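Enquirer: Here it is, the structure in full.
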Amino acid sequence: MTTRIDRRMAKLKTEGRPALVTYFMGGDPDYDTSLSIMKALPGAGSDIIELGMPFSDPMADGPAIQAAGLRALKGGQTLVKTLKMASEFRAGDNETPIVLMGYYNPIYIYGVDRFLKDALASGIDGLIVVDLPPEMDEELCIPALKAGINFIRLATPTTDDKRLPKVLQNTSGFVYYVSMTGITGSALADTGKVAAAVNRIKGHTDLPVCVGFGVKTAEQARVIGANADGVVVGTAIVNAVANVLGPTGEKTADPAEAVATLVSGLAQGVRSARLAAAE
Amino acid sequence: MDQPATPNSFRTGPDEQGMFGIFGGRFVAETLMPLILDLERHWNEVKNDPDFRAELTNLSTHYAGRPSKLYFAEGLTRHLREVSSAKGLGGGAKVYFKREDLNHTGSHKINNCLGQILLAKRMGKKRIIAETGAGQHGVASATVAARFGYPCVVYMGATDVARQSPNVFRMKLLGAEVRPVTAGHGTLKDAMNEALRDWVTNVEDTYYLIGTAAGPHPYPELVRDFQSVIGTEARAQILEQEGRLPDTIIAAVGGGSNAIGLFHPFLDDKDVRIIGIEAGGRGLDGIEHCASMNAGSPGVLHGNRTYLLQNADGQIMDGHSISAGLDYPGVGPEHSWLRDSGRVEYVPILDDEALEAFKLTTRVEGIIPALESAHAIAHAVKIVPAMDKDQIVIVNLSGRGDKDVHTVASMLGMEI
């Protein structure tokens, strides 16, 4: 069984370049604006979309994504609306993979079976649930795999060789390597160490390995993309939205345009990654 | 929900996965998972290690002042017998206080902090972080960090920093750095989020000293075990003083560490009625309370599944209590399991009722109780007059109320 993620990754492999994976917060600052951001992503060069599900207590996220989540919740975003957003996007784009990213509690409260059914119907391809390590696989990972949805696991610098097989066991779609010990939006780790870690993970799996946490610029995307199969950018995109919001949340410019401009630059970065590496 | 079958013992949890029935678990980011497994390994090594136990007992005795006394609260008992007579009942059980307020630092929090600092030392950690609401756990953490020479960072919601300034100053005197947390709503839940973010960032050298019997496995178990000294002592003391077990034991439940500490050694004494008191705040009809087990539902937060205050979308609500120590929208997972299994009753006490009990205890016993403990006393005030004179109730006086005098003064419309 292949998913949109598998097909997209295979296609990029033949093109010889890494994927640009873009995270944005669903419902930030409001539903309609957020949907317009989502729709602008593929055209700007995003290969895979991570759709953030806001949560009141995002314990692995830095201030930027915390604030984005609170804006979204204040704007009335719910998991029901996040799924609706995916489904509206899917009506106009049946190719770009969508990965839902967030925390477990809203899914647990929605009900796992009902969630998987509705996620599939909304065109969701994968899940990243930060607070579900392999020890808790029975909760959502196994049911998701049975339902045909990729469960993308985070591997971190603290995941040593002994533990990696456990982390990779039920992972599908791709592996998300967290470049540092820390929260989202921190400074990028030593890129040499990141490259070594990516190679270490590749020694354990044939799955594509994408790298995130700390990538903010096209140059960083280029450097990380030289040996990773994908580069994940989140905080920089969330900040691009925040930067065009005034003190009371009013829009001072079009957030979708601001995000598209940023993503176009990042897309250039990943597209030159292998050229630079080959030099 | 189906009622689980009654187990042979209520004292065997958690299982190897850290579960108490459906509650507990290890819902943490992958970065923390190896750390939690490492903590579990060390915990399993030390928990039955006689040397570790001896060192802890020595500190508990000579540094913290254990065993704490089991005190016959004669003044309160007499008062409640008068109430009983006035109602024409002619009863009124004997009330005992387990005096955790007499411990060093003024509450039960020191029991857990001494245990965990020894564990941190065994693990070779170099830095201590903690979260605190009212500041009692922050002070106890700063205290043991000072005693053992560790740098200590305490995360405290900005709202709590403002309303608990004496404790903030105490922590600073003890050499701790107090970091106010403005994220979210600036209370205990946000402080816990921020402590977890620190831990995720500083994985190599940092020990996270959680203050209550909650969080990812093995914290609920190890905090319970360090606090169980309360119930173990109380059980032996009442047998010595009265020659029998109590009829009822009562403790306040925020995260629930003082309560599980008192309850756990009594769980298999089936004739002992066990009652946990939640913060009813301004009433359970609205959202201004912290009664997660009476008015919440199971969910996942801070590494464990437990009863939480949350909305229909699974977003966590901010509770309210007059007592900063009970102001948390969740509860330790073992309490959730004890609730569902029916072994322990959990009932709410309102802000006003706790305040009345605070004033009453101060007047008739000459003891100023913490507002948390005043919740437990308030329930005793409710039930004791209807009990018989030969019955016995133990209330956990988990802490002293000096820290609360500003709050109480403002509730009473006074300035000090």
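Each chain in the structure tokens gets a letter, A, B and so on, in the order shown; residues start at 1 in every chain, and ligands are counted from 1 in the order they appear.
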Listing only residues of chain B within 8 Å of chain A, what is the closest atom pair and its distance in Å (to one decimal) for each, using only C-alpha atoms, sorted by chain and residue number ascending, as a Markdown table?
Expert:
| residue | atom | partner | partner_atom | distance |
| --- | --- | --- | --- | --- |
| B:Gln17 | CA | A:Glu135 | CA | 7.9 |
| B:Gly25 | CA | A:Met136 | CA | 7.7 |
| B:Arg26 | CA | A:Met136 | CA | 7.1 |
| B:Phe27 | CA | A:Asp131 | CA | 4.9 |
| B:Val28 | CA | A:Asp131 | CA | 4.3 |
| B:Ala29 | CA | A:Asp131 | CA | 4.7 |
| B:Glu30 | CA | A:Pro133 | CA | 5.6 |
| B:Thr31 | CA | A:Thr156 | CA | 5.6 |
| B:Leu32 | CA | A:Thr158 | CA | 7.8 |
| B:Met33 | CA | A:Pro133 | CA | 7.2 |
| B:Pro34 | CA | A:Thr158 | CA | 6.6 |
| B:Ala183 | CA | A:Pro63 | CA | 7.7 |
| B:Gly184 | CA | A:Ser56 | CA | 7.7 |
| B:Asp190 | CA | A:Asp57 | CA | 7.6 |
| B:Asn193 | CA | A:Met59 | CA | 5.1 |
| B:Glu194 | CA | A:Met59 | CA | 7.1 |
| B:Leu196 | CA | A:Met59 | CA | 6.4 |
| B:Arg197 | CA | A:Ala60 | CA | 6.0 |
| B:Asp198 | CA | A:Gly182 | CA | 7.6 |
| B:Val200 | CA | A:Gly182 | CA | 5.1 |
| B:Thr201 | CA | A:Gly182 | CA | 3.8 |
| B:Asn202 | CA | A:Thr181 | CA | 7.1 |
| B:Val203 | CA | A:Thr181 | CA | 7.0 |
| B:Gly299 | CA | A:Asn105 | CA | 5.9 |
| B:Val300 | CA | A:Asn105 | CA | 5.1 |
| B:Leu301 | CA | A:Asn105 | CA | 7.1 |
| B:His302 | CA | A:Met59 | CA | 7.9 |
| B:Gly303 | CA | A:Asp131 | CA | 7.5 |
| B:Ala312 | CA | A:Ile109 | CA | 7.3 |
| B:Asp313 | CA | A:Pro106 | CA | 5.7 |
| B:Gly314 | CA | A:Pro106 | CA | 4.2 |
| B:Gln315 | CA | A:Ser56 | CA | 5.4 |
| B:Ile316 | CA | A:Ser56 | CA | 6.0 |
Enquirer: Deliver the residues from the most recent selection as a file, using N, CA and C atoms, as a CSV table (one decimal), in the first residue's frame.
Expert:
chain,number,residue,atom,x,y,z
B,17,GLN,N,4.2,-1.1,32.3
B,17,GLN,CA,4.1,0.1,31.4
B,17,GLN,C,3.7,1.4,32.1
B,25,GLY,N,0.9,5.9,32.3
B,25,GLY,CA,1.6,5.8,31.0
B,25,GLY,C,2.7,6.7,30.9
B,26,ARG,N,3.2,6.8,29.6
B,26,ARG,CA,4.4,7.6,29.3
B,26,ARG,C,4.2,8.4,28.0
B,27,PHE,N,3.3,9.4,28.1
B,27,PHE,CA,3.0,10.2,27.0
B,27,PHE,C,3.9,11.4,26.9
B,28,VAL,N,5.2,11.1,26.4
B,28,VAL,CA,6.1,12.2,26.3
B,28,VAL,C,6.8,12.2,25.0
B,29,ALA,N,7.5,13.3,24.7
B,29,ALA,CA,8.2,13.4,23.4
B,29,ALA,C,9.4,12.4,23.4
B,30,GLU,N,9.8,12.0,22.2
B,30,GLU,CA,10.8,11.0,22.1
B,30,GLU,C,12.1,11.5,22.8
B,31,THR,N,12.4,12.8,22.7
B,31,THR,CA,13.6,13.3,23.4
B,31,THR,C,13.7,12.9,24.8
B,32,LEU,N,12.5,12.9,25.5
B,32,LEU,CA,12.5,12.6,26.9
B,32,LEU,C,12.4,11.1,27.2
B,33,MET,N,12.0,10.3,26.3
B,33,MET,CA,11.8,8.9,26.5
B,33,MET,C,13.0,8.2,27.1
B,34,PRO,N,14.2,8.3,26.5
B,34,PRO,CA,15.4,7.7,27.0
B,34,PRO,C,15.7,8.1,28.5
B,183,ALA,N,3.9,32.2,29.6
B,183,ALA,CA,3.1,31.4,28.6
B,183,ALA,C,1.8,31.0,29.2
B,184,GLY,N,0.8,30.8,28.3
B,184,GLY,CA,-0.5,30.3,28.7
B,184,GLY,C,-1.1,31.3,29.7
B,190,ASP,N,1.2,25.8,33.4
B,190,ASP,CA,2.1,26.4,32.5
B,190,ASP,C,3.5,26.3,33.0
B,193,ASN,N,4.6,22.8,31.9
B,193,ASN,CA,5.0,22.8,30.5
B,193,ASN,C,6.4,23.4,30.3
B,194,GLU,N,6.7,24.5,31.0
B,194,GLU,CA,8.0,25.1,30.8
B,194,GLU,C,9.1,24.3,31.4
B,196,LEU,N,9.1,21.1,31.5
B,196,LEU,CA,9.3,20.0,30.5
B,196,LEU,C,10.1,20.5,29.3
B,197,ARG,N,9.9,21.7,28.9
B,197,ARG,CA,10.6,22.3,27.8
B,197,ARG,C,12.1,22.5,28.2
B,198,ASP,N,12.4,22.9,29.4
B,198,ASP,CA,13.7,22.9,29.9
B,198,ASP,C,14.4,21.6,29.9
B,200,VAL,N,13.6,18.9,28.1
B,200,VAL,CA,13.8,18.5,26.7
B,200,VAL,C,15.1,19.2,26.1
B,201,THR,N,15.4,20.4,26.6
B,201,THR,CA,16.6,21.1,26.1
B,201,THR,C,17.9,20.7,26.8
B,202,ASN,N,17.8,20.4,28.1
B,202,ASN,CA,19.0,20.1,28.9
B,202,ASN,C,19.0,18.7,29.3
B,203,VAL,N,19.1,17.8,28.4
B,203,VAL,CA,18.9,16.3,28.7
B,203,VAL,C,20.0,15.7,29.4
B,299,GLY,N,-8.2,12.2,30.1
B,299,GLY,CA,-7.5,12.8,28.9
B,299,GLY,C,-6.0,12.6,29.2
B,300,VAL,N,-5.2,13.2,28.2
B,300,VAL,CA,-3.7,13.0,28.3
B,300,VAL,C,-3.1,14.4,28.4
B,301,LEU,N,-2.3,14.6,29.5
B,301,LEU,CA,-1.6,15.8,29.7
B,301,LEU,C,-0.4,15.5,30.6
B,302,HIS,N,0.7,16.2,30.3
B,302,HIS,CA,1.9,16.2,31.2
B,302,HIS,C,2.4,14.7,31.4
B,303,GLY,N,2.3,13.9,30.3
B,303,GLY,CA,2.9,12.6,30.3
B,303,GLY,C,2.1,11.5,30.8
B,312,ALA,N,-14.8,20.2,25.0
B,312,ALA,CA,-15.2,19.1,24.1
B,312,ALA,C,-14.1,18.9,23.0
B,313,ASP,N,-13.2,19.8,22.8
B,313,ASP,CA,-12.2,19.7,21.8
B,313,ASP,C,-10.9,19.1,22.4
B,314,GLY,N,-10.9,18.8,23.7
B,314,GLY,CA,-9.7,18.3,24.3
B,314,GLY,C,-8.6,19.3,24.6
B,315,GLN,N,-9.1,20.6,24.7
B,315,GLN,CA,-8.2,21.7,25.2
B,315,GLN,C,-8.3,21.8,26.7
B,316,ILE,N,-7.2,21.9,27.4
B,316,ILE,CA,-7.2,21.9,28.8
B,316,ILE,C,-7.6,23.3,29.4
Enquirer: Would you give me, as an mmCIF file with C-alpha atoms, in the first residue's frame, the residues in region 8-96 of chain A that DSSP reads as helix (DSSP H, G or I)?
Expert:
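The result, written out as out15.cif:
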data_model
loop_
_atom_site.group_PDB
_atom_site.id
_atom_site.type_symbol
_atom_site.label_atom_id
_atom_site.label_comp_id
_atom_site.auth_asym_id
_atom_site.auth_seq_id
_atom_site.Cartn_x
_atom_site.Cartn_y
_atom_site.Cartn_z
ATOM 1 C CA ARG A 8 5.837 12.077 -3.448
ATOM 2 C CA MET A 9 9.071 10.916 -1.833
ATOM 3 C CA ALA A 10 9.692 8.430 -4.667
ATOM 4 C CA LYS A 11 9.148 11.167 -7.245
ATOM 5 C CA LEU A 12 11.575 13.551 -5.527
ATOM 6 C CA LYS A 13 14.137 10.791 -5.333
ATOM 7 C CA THR A 14 14.046 10.466 -9.121
ATOM 8 C CA GLU A 15 14.396 14.241 -9.355
ATOM 9 C CA TYR A 31 -9.972 29.560 9.568
ATOM 10 C CA ASP A 32 -10.286 31.359 6.222
ATOM 11 C CA THR A 33 -6.849 32.977 6.340
ATOM 12 C CA SER A 34 -5.287 29.708 7.381
ATOM 13 C CA LEU A 35 -6.966 27.841 4.512
ATOM 14 C CA SER A 36 -5.649 30.471 2.075
ATOM 15 C CA ILE A 37 -2.139 29.871 3.478
ATOM 16 C CA MET A 38 -2.538 26.130 3.009
ATOM 17 C CA LYS A 39 -3.701 26.557 -0.573
ATOM 18 C CA ALA A 40 -0.707 28.807 -1.351
ATOM 19 C CA LEU A 41 1.880 26.302 -0.113
ATOM 20 C CA PRO A 42 2.189 23.868 -3.057
ATOM 21 C CA GLY A 43 2.482 26.673 -5.604
ATOM 22 C CA ALA A 44 5.236 28.277 -3.563
ATOM 23 C CA PRO A 63 7.109 30.513 22.063
ATOM 24 C CA ALA A 64 6.288 31.089 18.357
ATOM 25 C CA ILE A 65 4.257 27.906 17.881
ATOM 26 C CA GLN A 66 2.715 28.215 21.362
ATOM 27 C CA ALA A 67 1.465 31.688 20.422
ATOM 28 C CA ALA A 68 0.209 30.482 17.031
ATOM 29 C CA GLY A 69 -1.757 27.701 18.722
ATOM 30 C CA LEU A 70 -3.342 30.131 21.159
ATOM 31 C CA ARG A 71 -4.269 32.498 18.294
ATOM 32 C CA ALA A 72 -5.890 29.597 16.472
ATOM 33 C CA LEU A 73 -7.830 28.433 19.526
ATOM 34 C CA LYS A 74 -8.932 31.995 20.208
ATOM 35 C CA LEU A 79 -10.028 19.413 15.464
ATOM 36 C CA VAL A 80 -13.303 19.224 13.538
ATOM 37 C CA LYS A 81 -12.370 22.436 11.727
ATOM 38 C CA THR A 82 -8.795 21.316 11.111
ATOM 39 C CA LEU A 83 -10.104 18.191 9.363
ATOM 40 C CA LYS A 84 -12.553 20.323 7.404
ATOM 41 C CA MET A 85 -9.659 22.532 6.316
ATOM 42 C CA ALA A 86 -7.775 19.496 5.005
ATOM 43 C CA SER A 87 -10.820 18.342 3.164
ATOM 44 C CA GLU A 88 -11.408 21.744 1.526
ATOM 45 C CA PHE A 89 -7.769 21.820 0.452
ATOM 46 C CA ARG A 90 -8.022 18.282 -0.887
ATOM 47 C CA ALA A 91 -10.929 19.262 -3.129
ATOM 48 C CA GLY A 92 -8.476 21.341 -5.188
#
Enquirer: Need the shell around Asp340 (chain B): protein/DNA/RNA residues with any atom at most 12 Å away, counting only C-alpha atoms. Skip same-chain ones fewer than 2 positions apart. Format as a ChimeraX atom specification?
Expert: /B:1-6,20-23,293-294,297-298,306-307,333-338,342-346
Enquirer: Filtering to N, CA and C atoms, could you give me those residues as an mmCIF file, in the first residue's frame?
Expert:
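selection.cif was written with the following content:
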data_model
loop_
_atom_site.group_PDB
_atom_site.id
_atom_site.type_symbol
_atom_site.label_atom_id
_atom_site.label_comp_id
_atom_site.auth_asym_id
_atom_site.auth_seq_id
_atom_site.Cartn_x
_atom_site.Cartn_y
_atom_site.Cartn_z
ATOM 1 N N MET B 1 -18.954 3.950 31.538
ATOM 2 C CA MET B 1 -17.737 3.135 31.581
ATOM 3 C C MET B 1 -17.979 1.897 32.430
ATOM 4 N N ASP B 2 -17.451 0.746 31.992
ATOM 5 C CA ASP B 2 -17.580 -0.479 32.767
ATOM 6 C C ASP B 2 -16.804 -0.351 34.062
ATOM 7 N N GLN B 3 -17.387 -0.839 35.123
ATOM 8 C CA GLN B 3 -16.693 -0.835 36.404
ATOM 9 C C GLN B 3 -15.673 -1.972 36.387
ATOM 10 N N PRO B 4 -14.373 -1.638 36.601
ATOM 11 C CA PRO B 4 -13.387 -2.723 36.584
ATOM 12 C C PRO B 4 -13.622 -3.678 37.747
ATOM 13 N N ALA B 5 -13.221 -4.925 37.567
ATOM 14 C CA ALA B 5 -13.367 -5.906 38.630
ATOM 15 C C ALA B 5 -12.508 -5.491 39.819
ATOM 16 N N THR B 6 -12.985 -5.790 41.022
ATOM 17 C CA THR B 6 -12.227 -5.424 42.218
ATOM 18 C C THR B 6 -10.962 -6.269 42.300
ATOM 19 N N PHE B 20 -1.994 2.418 35.696
ATOM 20 C CA PHE B 20 -2.939 2.059 36.761
ATOM 21 C C PHE B 20 -4.273 1.888 36.028
ATOM 22 N N GLY B 21 -4.613 0.664 35.646
ATOM 23 C CA GLY B 21 -5.784 0.496 34.778
ATOM 24 C C GLY B 21 -5.525 1.243 33.467
ATOM 25 N N ILE B 22 -6.458 2.116 33.072
ATOM 26 C CA ILE B 22 -6.243 2.866 31.824
ATOM 27 C C ILE B 22 -5.444 4.146 32.081
ATOM 28 N N PHE B 23 -5.124 4.440 33.344
ATOM 29 C CA PHE B 23 -4.488 5.717 33.678
ATOM 30 C C PHE B 23 -2.973 5.593 33.817
ATOM 31 N N MET B 293 -11.813 15.123 39.067
ATOM 32 C CA MET B 293 -12.421 13.790 39.156
ATOM 33 C C MET B 293 -13.934 13.849 39.353
ATOM 34 N N ASN B 294 -14.436 14.986 39.840
ATOM 35 C CA ASN B 294 -15.885 15.132 39.996
ATOM 36 C C ASN B 294 -16.532 15.762 38.773
ATOM 37 N N SER B 297 -12.969 14.746 32.809
ATOM 38 C CA SER B 297 -13.036 13.483 32.079
ATOM 39 C C SER B 297 -11.612 13.030 31.770
ATOM 40 N N PRO B 298 -11.416 11.731 31.495
ATOM 41 C CA PRO B 298 -10.060 11.249 31.235
ATOM 42 C C PRO B 298 -9.461 11.872 29.974
ATOM 43 N N THR B 306 -5.184 10.773 32.728
ATOM 44 C CA THR B 306 -5.811 10.958 34.026
ATOM 45 C C THR B 306 -7.051 11.819 33.844
ATOM 46 N N TYR B 307 -7.803 12.032 34.926
ATOM 47 C CA TYR B 307 -8.944 12.943 34.830
ATOM 48 C C TYR B 307 -8.447 14.379 34.683
ATOM 49 N N PRO B 333 -2.415 9.956 38.302
ATOM 50 C CA PRO B 333 -3.166 8.873 37.660
ATOM 51 C C PRO B 333 -3.666 7.797 38.616
ATOM 52 N N GLU B 334 -2.955 7.580 39.720
ATOM 53 C CA GLU B 334 -3.395 6.540 40.647
ATOM 54 C C GLU B 334 -4.713 6.942 41.310
ATOM 55 N N HIS B 335 -4.892 8.246 41.547
ATOM 56 C CA HIS B 335 -6.169 8.710 42.090
ATOM 57 C C HIS B 335 -7.305 8.435 41.098
ATOM 58 N N SER B 336 -7.031 8.680 39.814
ATOM 59 C CA SER B 336 -8.066 8.425 38.806
ATOM 60 C C SER B 336 -8.500 6.963 38.840
ATOM 61 N N TRP B 337 -7.494 6.103 38.996
ATOM 62 C CA TRP B 337 -7.790 4.670 39.046
ATOM 63 C C TRP B 337 -8.538 4.309 40.333
ATOM 64 N N LEU B 338 -8.123 4.886 41.439
ATOM 65 C CA LEU B 338 -8.802 4.609 42.717
ATOM 66 C C LEU B 338 -10.235 5.124 42.696
ATOM 67 N N GLY B 342 -13.537 2.597 42.696
ATOM 68 C CA GLY B 342 -14.468 2.763 43.805
ATOM 69 C C GLY B 342 -13.829 2.674 45.182
ATOM 70 N N ARG B 343 -12.510 2.459 45.251
ATOM 71 C CA ARG B 343 -11.882 2.291 46.566
ATOM 72 C C ARG B 343 -11.850 3.598 47.353
ATOM 73 N N VAL B 344 -11.666 4.703 46.632
ATOM 74 C CA VAL B 344 -11.578 5.999 47.306
ATOM 75 C C VAL B 344 -12.710 6.889 46.802
ATOM 76 N N GLU B 345 -13.325 7.617 47.745
ATOM 77 C CA GLU B 345 -14.346 8.605 47.350
ATOM 78 C C GLU B 345 -13.655 9.944 47.166
ATOM 79 N N TYR B 346 -14.058 10.683 46.157
ATOM 80 C CA TYR B 346 -13.510 12.020 45.969
ATOM 81 C C TYR B 346 -14.658 13.017 45.979
#
Enquirer: Have a look at CA of Val223 (chain B) and CA of Trp43 (chain B) and let me know their distance in Å, one decimal.
Expert: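 Atom-to-atom, CA of Val223 (chain B) and CA of Trp43 (chain B) are spaced 10.8 Å apart.
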Enquirer: In region 63-301 of chain B, what's strand (DSSP E) per DSSP? Answer as JSON, numbers by chain?
Expert: {"B": [70, 71, 72, 94, 95, 96, 97, 98, 99, 127, 128, 129, 130, 131, 132, 152, 153, 154, 155, 156, 157, 177, 178, 179, 180, 181, 206, 207, 208, 248, 249, 250, 251, 252, 273, 274, 275, 276, 277, 278, 279, 280, 281, 297, 298, 299, 300, 301]}
Enquirer: Can you work out the spacing between CA of Ala259 (chain B) and CA of Ser84 (chain B) in Å, to one decimal?
Expert: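 Between CA of Ala259 (chain B) and CA of Ser84 (chain B) the gap works out to 27.1 Å.
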Enquirer: Just the residues within 8 Å of region 225-237 of chain B, please, counting only C-alpha atoms, with nothing from its chain fewer than 2 positions along; format it as a PDB file with N, CA and C atoms, in the first residue's frame.
Expert:
ATOM      1  N   PRO B  67       9.702  11.060  62.584  1.00  0.00           N
ATOM      2  CA  PRO B  67       8.315  10.980  62.107  1.00  0.00           C
ATOM      3  C   PRO B  67       7.508  12.208  62.537  1.00  0.00           C
ATOM      4  N   SER B  68       6.569  12.607  61.691  1.00  0.00           N
ATOM      5  CA  SER B  68       5.675  13.687  62.098  1.00  0.00           C
ATOM      6  C   SER B  68       4.665  13.116  63.093  1.00  0.00           C
ATOM      7  N   LEU B  70       1.237  12.230  65.160  1.00  0.00           N
ATOM      8  CA  LEU B  70      -0.201  12.047  64.958  1.00  0.00           C
ATOM      9  C   LEU B  70      -0.862  12.651  66.186  1.00  0.00           C
ATOM     10  N   LYS B  98      -2.586  14.349  61.147  1.00  0.00           N
ATOM     11  CA  LYS B  98      -1.224  13.916  60.835  1.00  0.00           C
ATOM     12  C   LYS B  98      -0.452  15.190  60.527  1.00  0.00           C
ATOM     13  N   GLU B 100       1.993  16.938  59.109  1.00  0.00           N
ATOM     14  CA  GLU B 100       3.024  17.208  58.097  1.00  0.00           C
ATOM     15  C   GLU B 100       3.426  18.683  58.085  1.00  0.00           C
ATOM     16  N   HIS B 108       4.417  18.548  53.561  1.00  0.00           N
ATOM     17  CA  HIS B 108       4.826  17.194  53.179  1.00  0.00           C
ATOM     18  C   HIS B 108       5.790  17.187  52.006  1.00  0.00           C
ATOM     19  N   ASN B 111       9.311  15.427  51.941  1.00  0.00           N
ATOM     20  CA  ASN B 111       9.476  13.962  51.879  1.00  0.00           C
ATOM     21  C   ASN B 111       9.917  13.518  50.488  1.00  0.00           C
ATOM     22  N   ASN B 112       9.210  14.031  49.498  1.00  0.00           N
ATOM     23  CA  ASN B 112       9.487  13.698  48.110  1.00  0.00           C
ATOM     24  C   ASN B 112      10.807  14.308  47.645  1.00  0.00           C
ATOM     25  N   GLY B 115      13.863  12.366  48.858  1.00  0.00           N
ATOM     26  CA  GLY B 115      14.011  11.117  48.101  1.00  0.00           C
ATOM     27  C   GLY B 115      14.566  11.364  46.713  1.00  0.00           C
ATOM     28  N   GLU B 221       4.720   6.720  40.614  1.00  0.00           N
ATOM     29  CA  GLU B 221       5.070   5.658  41.548  1.00  0.00           C
ATOM     30  C   GLU B 221       6.122   6.113  42.549  1.00  0.00           C
ATOM     31  N   LEU B 222       7.157   6.783  42.056  1.00  0.00           N
ATOM     32  CA  LEU B 222       8.239   7.111  42.987  1.00  0.00           C
ATOM     33  C   LEU B 222       7.841   8.218  43.956  1.00  0.00           C
ATOM     34  N   VAL B 223       7.057   9.181  43.477  1.00  0.00           N
ATOM     35  CA  VAL B 223       6.588  10.232  44.390  1.00  0.00           C
ATOM     36  C   VAL B 223       5.669   9.617  45.451  1.00  0.00           C
ATOM     37  N   LEU B 239      -2.482   2.766  65.592  1.00  0.00           N
ATOM     38  CA  LEU B 239      -2.542   1.448  66.246  1.00  0.00           C
ATOM     39  C   LEU B 239      -1.953   1.543  67.642  1.00  0.00           C
ATOM     40  N   GLU B 240      -0.900   2.344  67.787  1.00  0.00           N
ATOM     41  CA  GLU B 240      -0.267   2.480  69.090  1.00  0.00           C
ATOM     42  C   GLU B 240      -1.139   3.318  70.033  1.00  0.00           C
ATOM     43  N   GLN B 241      -1.714   4.408  69.494  1.00  0.00           N
ATOM     44  CA  GLN B 241      -2.442   5.338  70.362  1.00  0.00           C
ATOM     45  C   GLN B 241      -3.871   4.888  70.653  1.00  0.00           C
ATOM     46  N   LEU B 245      -7.392   0.554  63.832  1.00  0.00           N
ATOM     47  CA  LEU B 245      -7.312   1.404  62.646  1.00  0.00           C
ATOM     48  C   LEU B 245      -8.408   2.470  62.690  1.00  0.00           C
ATOM     49  N   SER B 257      -0.246  14.342  45.930  1.00  0.00           N
ATOM     50  CA  SER B 257       0.871  13.609  46.538  1.00  0.00           C
ATOM     51  C   SER B 257       0.700  13.398  48.041  1.00  0.00           C
ATOM     52  N   ASN B 258       0.164  14.384  48.761  1.00  0.00           N
ATOM     53  CA  ASN B 258      -0.015  14.145  50.203  1.00  0.00           C
ATOM     54  C   ASN B 258      -1.116  13.108  50.414  1.00  0.00           C
ATOM     55  N   ILE B 260      -2.081  10.581  48.274  1.00  0.00           N
ATOM     56  CA  ILE B 260      -1.688   9.206  47.959  1.00  0.00           C
ATOM     57  C   ILE B 260      -0.705   8.707  49.019  1.00  0.00           C
ATOM     58  N   GLY B 261       0.084   9.635  49.567  1.00  0.00           N
ATOM     59  CA  GLY B 261       1.022   9.269  50.631  1.00  0.00           C
ATOM     60  C   GLY B 261       0.305   8.764  51.873  1.00  0.00           C
ATOM     61  N   LEU B 262      -0.798   9.412  52.235  1.00  0.00           N
ATOM     62  CA  LEU B 262      -1.579   8.947  53.389  1.00  0.00           C
ATOM     63  C   LEU B 262      -2.367   7.688  53.035  1.00  0.00           C
ATOM     64  N   PHE B 263      -2.978   7.689  51.843  1.00  0.00           N
ATOM     65  CA  PHE B 263      -3.922   6.620  51.499  1.00  0.00           C
ATOM     66  C   PHE B 263      -3.242   5.265  51.258  1.00  0.00           C
ATOM     67  N   HIS B 264      -2.120   5.294  50.560  1.00  0.00           N
ATOM     68  CA  HIS B 264      -1.594   4.047  49.998  1.00  0.00           C
ATOM     69  C   HIS B 264      -1.419   2.924  51.022  1.00  0.00           C
ATOM     70  N   PRO B 265      -0.833   3.212  52.190  1.00  0.00           N
ATOM     71  CA  PRO B 265      -0.683   2.119  53.165  1.00  0.00           C
ATOM     72  C   PRO B 265      -2.020   1.614  53.736  1.00  0.00           C
ATOM     73  N   PHE B 266      -3.112   2.344  53.528  1.00  0.00           N
ATOM     74  CA  PHE B 266      -4.432   1.932  54.041  1.00  0.00           C
ATOM     75  C   PHE B 266      -5.317   1.284  52.969  1.00  0.00           C
TER      76      PHE B 266
END
Enquirer: Compile the contact shell of Gly283 (chain B) as a list in words: residues with an atom at most 9 Å away, counting only C-alpha atoms, same-chain residues fewer than 2 positions apart removed.
Expert: Gly280, Gly281, Asp285, Gly286, Ile287, Glu288, His289, Pro348, Ile349, Leu350 and Asp351 of chain B
Enquirer: Residues at most 12 Å from Ala146 (chain B), counting only C-alpha atoms, excluding those fewer than 2 positions away in the same chain, as a list in words?
Expert: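 Once the nearby chain positions are removed, what remains is Cys113, Leu114, Ile117, Arg127, Ile128, Val139, Ala140, Ser141, Ala142, Thr143, Val144, Phe148, Gly149, Tyr150, Pro151, Cys152, Val153, Arg170, Met171, Lys172, Leu173, Leu174, Gly175, Ala176 and Glu177 of chain B.
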Enquirer: So which one's closest to Phe151 (chain A), A:Thr248, A:Ser46, A:Thr191, A:Thr3? Using only C-alpha atoms, please.
Expert: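 Selected residue with least distance to Phe151 (chain A): A:Thr3.
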Enquirer: Which residues, written as a list in words, have at least one atom at most 9 Å from Ala218 (chain A), with only C-alpha atoms counted and residues fewer than 3 positions away on the same chain left out?
Expert: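 Neighbouring residues, sequence-local ones excluded: Val215, Ala221, Arg222, Val223, Leu262, Val263, Ser264, Gly265, Leu266, Ala267, Gln268, Gly269 and Val270 of chain A.
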